[in-house]
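Visitor: Starting off with a structure, shown below.
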Amino acid sequence: MKVMVGGTFDPLHDGHKQLLARSFDLATSDGTVILGLTTDAFASAKNHPVRPYNEREKNVATFIENQGYTTKWQIEPLSDRYGSALDADFDAIVVSEETLPAATEINCLRHAAGLHKVDIHQITCVLAEDRRWISSTRIYRGEIDEHGHLTGTKSDGTSG
C-alpha cells in the first residue's frame with residue numbers, strides 16, 4: 001500500500017510520532033510512505049518559529065531510521081495544503097483530527113479530476129498531561145514539552 005502523510009514536524013513531538021507510526025503500519029513492509037514536509041515558505045505562515053527545512057528533514061529521517069521500519073519511504077517538499085496528493089497514485093492518507101478537512105478536500109478535488117478517492121485514516125491527537133492536544137504551538141509557548149509533560153513555564157517566561 002502506498003500511504004501519504006504530511007506536516008511541518010517541528011518540533012517533532014509524540015503526536016507526530018503517532019502519525020508517522022500509523023503511516024508505516026498501514027503501508028506494511030511491502031508498501032511505501034510518502035512524507036510531505038512543508039517548505040520553509042509554506043511553514044512561514046505558522047504562528048510560531050519553525051526550523052529550516054533541512055533541519056526538520058534530518059530530524060524526521062533520523063526518527064524514521066531509528067524505528068527500524070523496513071517499509072520504503074521518501075520525503076518530498078510540501079509547498080501547499082495538498083502537495084502531490086492531488087495527482088499522485090496512492091492508496092491512503094493519514095491525518096490527525098486537526099488535518100482531516102484537508103484530506104476530505106483532497107478527495108473532493110481528486111474526484112473532480114476523475115481520479116480515484118483515497119482511504120482516509122485519522123488518528124486521534126495525542127493528549128498532554130492537561131488532557132489538551134500536544135501541539136507544536138503549545139511546545140513553542142513553553143506550556144508543554146514534546147511528550148506533553150507540563151513545563152510550568154508560560155510563553156512570557158513566568159511560571160504558572
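Scheme for the C-alpha cells: letters A, B, ... for chains in order shown; per-chain residue numbers from 1; ligand numbers from 1 in order shown.
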I'd like a table as JSON lines: residues in region 25-97 of chain A with an atom no more than 10 Å from region 113-116 of chain A, each row giving the shortest atom pair and its distance in Å to one decimal, only C-alpha atoms counted, sorted by chain and rising residue number.

Guide:
```
{"residue": "A:Leu86", "atom": "CA", "partner": "A:Ala113", "partner_atom": "CA", "distance": 8.5}
{"residue": "A:Asp87", "atom": "CA", "partner": "A:Leu115", "partner_atom": "CA", "distance": 7.6}
{"residue": "A:Ala88", "atom": "CA", "partner": "A:Leu115", "partner_atom": "CA", "distance": 9.3}
{"residue": "A:Asp89", "atom": "CA", "partner": "A:Leu115", "partner_atom": "CA", "distance": 8.8}
{"residue": "A:Phe90", "atom": "CA", "partner": "A:His116", "partner_atom": "CA", "distance": 9.3}
{"residue": "A:Asp91", "atom": "CA", "partner": "A:His116", "partner_atom": "CA", "distance": 9.0}
```

Visitor: Region 2-8 of chain A: which residues within 8 Å, counting only C-alpha atoms, same-chain residues fewer than 3 positions away excluded, as a PyMOL selection string?

Guide: chain A and resi 19-20+23-24+26-27+31-38+43+56+78+85+90-95

Visitor: From the DSSP assignment of the backbone, select every residue of chain A that is helix (DSSP H, G or I), and format the answer as a PyMOL selection string.

Guide: chain A and resi 14-27+40-43+53-67+83-86+100-112+136-140

Visitor: I'd like to know which of A:Asn59, A:Asn47, A:Gln122, A:Ser84 is closest to Phe9 (chain A), using only C-alpha atoms.

Guide: A:Asn59

Visitor: Pick from A:Thr99, A:Thr151, A:Ser29, A:Asn107: nearest to Ala128 (chain A), with only C-alpha atoms counted?

Guide: A:Thr151

Visitor: Name the closest residue to Pro49 (chain A) among the candidates A:Glu65, A:Asp10, A:Arg132, A:Thr104; distances are taken between atoms, counting only C-alpha atoms.

Guide: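 Smallest distance to Pro49 (chain A) is found for A:Asp10.
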
Visitor: If you measure from CA of Lys46 (chain A) to CA of Asp130 (chain A), what distance in Å do you get, rounded to one decimal?

Guide: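 Taking CA of Lys46 (chain A) and CA of Asp130 (chain A), their separation equals 23.4 Å.
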
Visitor: List the neighbours of Ala21 (chain A) out to 9 Å using only C-alpha atoms; skip same-chain residues closer than 5 positions along the sequence, and give me the result as a PyMOL selection string.

Guide: chain A and resi 16+26+64+67

Visitor: Can you spit out the residues from that selection as a PDB file, in the first residue's frame, using C-alpha atoms?

Guide:
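Result went into part.pdb, see below:
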```
ATOM      1  CA  HIS A  16       3.794  13.462  15.040  1.00  0.00           C
ATOM      2  CA  LEU A  26      -0.693   0.929   7.135  1.00  0.00           C
ATOM      3  CA  ILE A  64      12.171   7.017  10.971  1.00  0.00           C
ATOM      4  CA  GLN A  67      12.353   2.977  14.392  1.00  0.00           C
TER       5      GLN A  67
END
```

Visitor: Calculate how many Å separate CA of Arg51 (chain A) from CA of Gly83 (chain A), rounding to one decimal.

Guide: 20.0 Å

Visitor: From the DSSP assignment of the backbone, select every residue of chain A that is strand (DSSP E), and format the answer as number ranges by chain.

Guide: A: 2-7, 32-38, 72-78, 92-95, 119-122

Visitor: For the selection you just gave me, I'd like the residues written to a file as a compact mmCIF listing (two decimals), in the first residue's frame, keeping N, CA and C atoms.

Guide:
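Writing done, so here's result27.txt:
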```
# COMPACT_ATOMS: atom_id res chain seq x y z
N LYS A 2 0.51 2.22 -0.78
CA LYS A 2 1.23 3.49 -0.83
C LYS A 2 0.45 4.50 0.02
N VAL A 3 1.12 5.05 1.03
CA VAL A 3 0.49 5.92 2.02
C VAL A 3 1.16 7.29 2.01
N MET A 4 0.33 8.33 2.09
CA MET A 4 0.85 9.69 2.18
C MET A 4 0.54 10.27 3.55
N VAL A 5 1.44 11.13 4.01
CA VAL A 5 1.28 11.86 5.27
C VAL A 5 2.04 13.17 5.10
N GLY A 6 1.58 14.21 5.76
CA GLY A 6 2.27 15.48 5.59
C GLY A 6 2.24 16.32 6.85
N GLY A 7 3.16 17.28 6.91
CA GLY A 7 3.19 18.19 8.03
C GLY A 7 4.47 18.99 8.08
N THR A 32 4.92 1.72 0.64
CA THR A 32 5.74 2.94 0.59
C THR A 32 5.03 4.04 1.36
N VAL A 33 5.81 4.82 2.10
CA VAL A 33 5.29 6.01 2.77
C VAL A 33 5.91 7.23 2.09
N ILE A 34 5.05 8.13 1.64
CA ILE A 34 5.49 9.40 1.08
C ILE A 34 5.17 10.46 2.12
N LEU A 35 6.20 11.12 2.61
CA LEU A 35 6.03 12.12 3.65
C LEU A 35 6.22 13.51 3.05
N GLY A 36 5.16 14.30 3.02
CA GLY A 36 5.25 15.67 2.57
C GLY A 36 5.68 16.55 3.72
N LEU A 37 6.81 17.22 3.57
CA LEU A 37 7.35 18.10 4.61
C LEU A 37 7.23 19.54 4.12
N THR A 38 6.55 20.37 4.90
CA THR A 38 6.31 21.74 4.46
C THR A 38 7.62 22.47 4.17
N LYS A 72 9.61 1.07 2.48
CA LYS A 72 10.26 2.12 1.69
C LYS A 72 9.61 3.45 2.05
N TRP A 73 10.38 4.51 2.03
CA TRP A 73 9.83 5.83 2.34
C TRP A 73 10.66 6.90 1.66
N GLN A 74 10.01 8.05 1.48
CA GLN A 74 10.71 9.21 0.94
C GLN A 74 10.05 10.47 1.47
N ILE A 75 10.84 11.51 1.53
CA ILE A 75 10.35 12.83 1.95
C ILE A 75 10.33 13.72 0.72
N GLU A 76 9.21 14.42 0.53
CA GLU A 76 9.11 15.36 -0.58
C GLU A 76 8.65 16.71 -0.04
N PRO A 77 9.08 17.81 -0.68
CA PRO A 77 8.66 19.14 -0.24
C PRO A 77 7.16 19.34 -0.42
N LEU A 78 6.55 19.96 0.56
CA LEU A 78 5.12 20.26 0.54
C LEU A 78 4.99 21.78 0.55
N ALA A 92 -3.79 5.65 0.39
CA ALA A 92 -4.32 6.16 1.66
C ALA A 92 -3.55 7.39 2.12
N ILE A 93 -4.23 8.18 2.92
CA ILE A 93 -3.62 9.34 3.54
C ILE A 93 -3.90 9.26 5.04
N VAL A 94 -2.89 9.59 5.83
CA VAL A 94 -3.03 9.55 7.29
C VAL A 94 -3.02 10.98 7.80
N VAL A 95 -4.02 11.31 8.61
CA VAL A 95 -4.18 12.67 9.12
C VAL A 95 -4.55 12.62 10.60
N ASP A 119 -8.30 6.24 0.69
CA ASP A 119 -8.77 5.98 2.05
C ASP A 119 -8.17 7.02 2.98
N ILE A 120 -8.99 7.53 3.87
CA ILE A 120 -8.52 8.49 4.86
C ILE A 120 -8.46 7.77 6.20
N HIS A 121 -7.29 7.80 6.81
CA HIS A 121 -7.10 7.20 8.13
C HIS A 121 -6.77 8.33 9.11
N GLN A 122 -7.66 8.52 10.05
CA GLN A 122 -7.49 9.60 11.02
C GLN A 122 -7.03 9.01 12.35
```

Visitor: List every residue of region 4-82 of chain A that has an atom at most 12 Å from any atom of region 141-145 of chain A, and for each one report the closest atom pair and its distance in Å to one decimal, counting only C-alpha atoms, with rows sorted by chain and then by increasing residue number, as a tab-separated table.

Guide:
```
residue	atom	partner	partner_atom	distance
A:Pro11	CA	A:Asp145	CA	9.5
A:Leu12	CA	A:Asp145	CA	10.4
A:His13	CA	A:Asp145	CA	8.1
A:Asp14	CA	A:Asp145	CA	9.6
A:Gly15	CA	A:Asp145	CA	11.7
A:Asn47	CA	A:Arg141	CA	10.4
A:His48	CA	A:Arg141	CA	8.4
A:Pro49	CA	A:Arg141	CA	10.4
```

Visitor: Go ahead and write the residues just picked, N, CA and C atoms, as a JSON list (two decimals), in the first residue's frame.

Guide:
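The resulting file, again.json, is reproduced below:
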```json
[["chain", "number", "residue", "atom", "x", "y", "z"],
["A", 11, "PRO", "N", 8.39, 21.32, 16.56],
["A", 11, "PRO", "CA", 9.30, 20.23, 16.88],
["A", 11, "PRO", "C", 8.60, 18.89, 16.74],
["A", 12, "LEU", "N", 9.38, 17.87, 16.46],
["A", 12, "LEU", "CA", 8.85, 16.52, 16.29],
["A", 12, "LEU", "C", 8.39, 16.02, 17.66],
["A", 13, "HIS", "N", 7.07, 15.92, 17.84],
["A", 13, "HIS", "CA", 6.52, 15.55, 19.16],
["A", 13, "HIS", "C", 5.79, 14.21, 19.09],
["A", 14, "ASP", "N", 5.27, 13.75, 20.22],
["A", 14, "ASP", "CA", 4.64, 12.44, 20.30],
["A", 14, "ASP", "C", 3.44, 12.30, 19.37],
["A", 15, "GLY", "N", 2.72, 13.38, 19.12],
["A", 15, "GLY", "CA", 1.61, 13.33, 18.17],
["A", 15, "GLY", "C", 2.10, 13.04, 16.76],
["A", 47, "ASN", "N", 2.18, 30.29, 13.36],
["A", 47, "ASN", "CA", 2.18, 31.36, 14.36],
["A", 47, "ASN", "C", 3.30, 31.18, 15.39],
["A", 48, "HIS", "N", 4.30, 30.41, 15.03],
["A", 48, "HIS", "CA", 5.48, 30.22, 15.87],
["A", 48, "HIS", "C", 6.69, 30.00, 14.96],
["A", 49, "PRO", "N", 7.89, 30.14, 15.51],
["A", 49, "PRO", "CA", 9.07, 29.90, 14.68],
["A", 49, "PRO", "C", 9.14, 28.44, 14.22]]
```
